[in-house]
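As structure tokens, the structure follows; a few thoughts come after it.
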Amino acid sequence: MFLFSKVLKDDAILQGIRAGSTQRRLYENKLYEKYHYLIKQARFKHKISEDDAASAYSDAILTVIENIVTGRFEGHSELKTYLTQIFSNKCVDIIRKNTTNKAEVHTNSVGLEDALAWLPDETQSAVRKLIVESEIETLQQRLRALGDKCREMILAWGEGYSDEEIAQTMGYNTAAVAKTSRLRCLEKLKEKYRPLIPDGGIKIVLPSGIRGPIDK
Amino acid sequence: MTNLERIENYYDHSLSEAEREAFEAELKSNPALVEEVAFWVQARAAAQEEAKARRKSEFVQLSKKATQRNQRAITYALSAAASILLYLTLGWYVWNREASTNMALNNEWANNYIEKNFSTLTTQMSARNDSLQMGINRYNSGDLPKAQVIFNQLLARDSLNAEAEKLAGIVSLRLGDYDQAIKHFHHLSTRTDLVSNPGKFYEALTLLQRNLPLDKKRAENLLKEVHEGKLEGWKEVK
């Protein structure tokens with residue numbers, strides 16, 4: 001019967017993803033399945049392995065989803081064209097990585113840069129110095145060690161779900177309650193993360209003009 | 001309000017202008033708050049990366065399912081195509097066999113009739129020593145080409161000689177000159193002045209013998225006319 005199963009139109013998929021809540025994941029999967037055949041095309045076009053093509057495709061889908069949710073994709077081009085372009089870039093990243101061991105050109109750390117850019121200039125450099133990319137991996141490990149509920153909340157936050165959507169999905173009465181719970185979970189993560197730091201804290205290098213505890 | 005909540009509100013744009021200014025001012029003098037901002041930024045990046053990693057592993061499962069579905073779809077499509085081809089082949093075989101059987105029966109029937117009735121020709125009662133009798137004698141002695149010449153000469157002299165037309169058709173049929181035989185029998189069948197006219201019946205026999213495309217259909221139509229019109233030979237038609 002799947003031979004005759006209905007293929008959703010792009011508009012319906014976009015609407016479903018933008019609607020958020022529990023529907024979002026369903027429509028994300030629909031998007032993934034709808035253009036799954038691009039993996040096969042990419043294997044021949046870019047001459048990469050099936051695993052690499054599938055990985056690049058997953059990355060491309062995640063980027064497209066993020067851009068749909070955040071409003072970066074405004075629908076000026078067809079969804080398929082947009083996805084194909086991003087997918088092609090991801091394939092190129094993989095080819096470069098495989099041939100030259102260079103880091104990917106189309107970096108994923110856009111969120112990190114966005115967060116830093118939002119800060120005032122003088123604080124930005126201070127925070128930037130505190131951030132070590134490898135620490136993100138450590139935090140991911142600590143995140144996996146959290147309780148199921150806390151982990152799910154933080155991951156949903158990481159996927160860009162609003163507190164209202166988290167409240168609906170996880171059964172909280174209001175977005176405010178969900179937010180409070182999520183922040184508590186973040187506190188727990190911080191507690192699990194802190195003991196790993198030598199001397200009980202991060203060595204902070206403050207820009208000139210900011211007085212730290214050492215200077216007191 | 002905890003520091004993490006203040007940081008969230010700062011990034012959510014939910015702080016008032018005064019609160020935002022105060023927050024940014026405190027960042028300049030409070031390393032602990034800067035440290036918390038760094039943690040929050042990293043935690044969010046870690047959450048994003050972890051969420052992506054989880055979604056990617058879910059996509060791997062989806063990909064496997066999609067691949068299996070595609071393979072099943074190809075298998076079903078091939079099975080369906082093979083089934084249709086099998087049914088078509090079987091249908092064609094049965095139809096062809098049936099058609100061949102009918103054709104064989106009709107040919108056989110026509111052959112039997114010709115062997116039984118056209119091996120020898122009945123001698124004319126008057127036993128006159130005329131050309132017609134000469135032709136019959138030649139025919140019965142097995143000299144079919146000479147008999148054909150005699151009957152054709154007779155017809156050339158008297159084109160309305162129905163007996164000569166019939167015999168010319170029969171000898172042509174026996175010689176395998178089906179086109180000529182059909183010509184004679186068809187011409188004979190158009191005669192309306194005869195008490196008994198085997199033209200259509202013999203034409204049908206010849207068509208079955210010739211067995212070209214559409215001959216069988218034409219023979220069937222003629223035999224139908226013979227049977228319905230109770231023309232000569234109708235009792236032979238079942």
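Residue names in the structure tokens use chain letters A, B, ... in the order shown, residue numbers from 1 in each chain, and ligand numbers from 1 in the order shown.
Any residue of chain B with an atom within 6 Å of chain A counts; using only C-alpha atoms, that gives B:Lys28, B:Ser29, B:Pro31, B:Ala38, B:Gln42, B:Ala46, B:Ala47, B:Gln48, B:Ala51, B:Lys56.
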Using the selection just defined, write its residues with N, CA and C atoms as a tab-separated table (two decimals), in the first residue's frame.
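This went into part_18.tsv:
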```
chain	number	residue	atom	x	y	z
B	28	LYS	N	30.57	43.84	33.10
B	28	LYS	CA	31.89	44.48	33.10
B	28	LYS	C	32.60	44.32	34.43
B	29	SER	N	31.82	44.07	35.48
B	29	SER	CA	32.44	44.06	36.81
B	29	SER	C	32.26	42.74	37.54
B	31	PRO	N	32.88	38.90	37.26
B	31	PRO	CA	33.43	37.74	36.53
B	31	PRO	C	32.56	36.50	36.69
B	38	ALA	N	29.31	32.38	29.83
B	38	ALA	CA	30.12	31.43	29.05
B	38	ALA	C	29.54	30.02	29.17
B	42	GLN	N	27.91	27.82	26.15
B	42	GLN	CA	28.45	26.48	25.86
B	42	GLN	C	27.39	25.40	26.07
B	46	ALA	N	26.18	22.86	23.41
B	46	ALA	CA	26.23	21.41	23.68
B	46	ALA	C	24.86	20.79	23.47
B	47	ALA	N	23.81	21.49	23.93
B	47	ALA	CA	22.43	20.98	23.76
B	47	ALA	C	22.10	20.88	22.28
B	48	GLN	N	22.51	21.89	21.51
B	48	GLN	CA	22.24	21.87	20.06
B	48	GLN	C	22.98	20.71	19.39
B	51	ALA	N	21.44	17.42	20.51
B	51	ALA	CA	20.13	17.23	19.87
B	51	ALA	C	20.32	16.83	18.41
B	56	LYS	N	20.26	12.87	14.20
B	56	LYS	CA	20.96	12.19	13.12
B	56	LYS	C	20.85	10.67	13.27
```
### Query
Could you pull the residues within 12 Å of Lys45 of chain A, counting only C-alpha atoms, minus those fewer than 3 positions along the same chain, as a list of chain:residue names?
A:Leu38, A:Ile39, A:Lys40, A:Gln41, A:Ala42, A:Ile48, A:Ser49, A:Glu50, A:Ala53, A:Phe87, A:Ser88, A:Cys91, A:Val92, A:Ile95
Output the selection as a short mmCIF file (atom, residue, chain, number, x, y, z; two decimals), in the first residue's frame - N, CA and C atoms for each residue.
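Contents of part32.cif, freshly written:
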```cif
data_model
loop_
_atom_site.label_atom_id
_atom_site.label_comp_id
_atom_site.auth_asym_id
_atom_site.auth_seq_id
_atom_site.Cartn_x
_atom_site.Cartn_y
_atom_site.Cartn_z
N LEU A 38 17.71 11.83 -2.71
CA LEU A 38 18.86 12.68 -3.05
C LEU A 38 20.18 12.04 -2.62
N ILE A 39 20.11 11.18 -1.59
CA ILE A 39 21.32 10.50 -1.11
C ILE A 39 21.93 9.69 -2.25
N LYS A 40 21.08 8.96 -2.94
CA LYS A 40 21.54 8.10 -4.03
C LYS A 40 22.16 8.95 -5.14
N GLN A 41 21.48 10.06 -5.45
CA GLN A 41 22.00 10.95 -6.50
C GLN A 41 23.36 11.50 -6.12
N ALA A 42 23.48 11.90 -4.83
CA ALA A 42 24.73 12.50 -4.36
C ALA A 42 25.89 11.51 -4.41
N ILE A 48 30.88 9.77 -3.36
CA ILE A 48 31.17 9.56 -1.94
C ILE A 48 30.43 8.30 -1.49
N SER A 49 30.82 7.79 -0.31
CA SER A 49 30.19 6.55 0.16
C SER A 49 28.75 6.82 0.58
N GLU A 50 27.98 5.75 0.71
CA GLU A 50 26.58 5.90 1.09
C GLU A 50 26.47 6.49 2.50
N ALA A 53 27.19 10.16 2.31
CA ALA A 53 26.07 10.85 1.67
C ALA A 53 24.89 10.96 2.63
N PHE A 87 22.62 20.58 0.88
CA PHE A 87 23.11 19.19 0.84
C PHE A 87 24.40 19.11 0.02
N SER A 88 24.42 19.83 -1.10
CA SER A 88 25.60 19.84 -1.95
C SER A 88 26.80 20.41 -1.19
N CYS A 91 28.09 17.90 1.19
CA CYS A 91 28.85 16.86 0.49
C CYS A 91 30.26 17.37 0.20
N VAL A 92 30.36 18.61 -0.22
CA VAL A 92 31.67 19.21 -0.50
C VAL A 92 32.51 19.23 0.78
N ILE A 95 33.87 15.83 1.28
CA ILE A 95 34.96 15.52 0.32
C ILE A 95 36.25 16.20 0.78
#
```
### Picked from segment 2-234 of chain B by DSSP as helix (DSSP H, G or I), as a PyMOL selection string
chain B and resi 3-11+17-29+31-118+131-140+144-157+162-175+178-189+199-210+215-228+234
### Message
Between atom CA of Leu15 of chain B and atom CA of Ala176 of chain A, what distance in Å does the model show, to one decimal?
### Response
15.2 Å
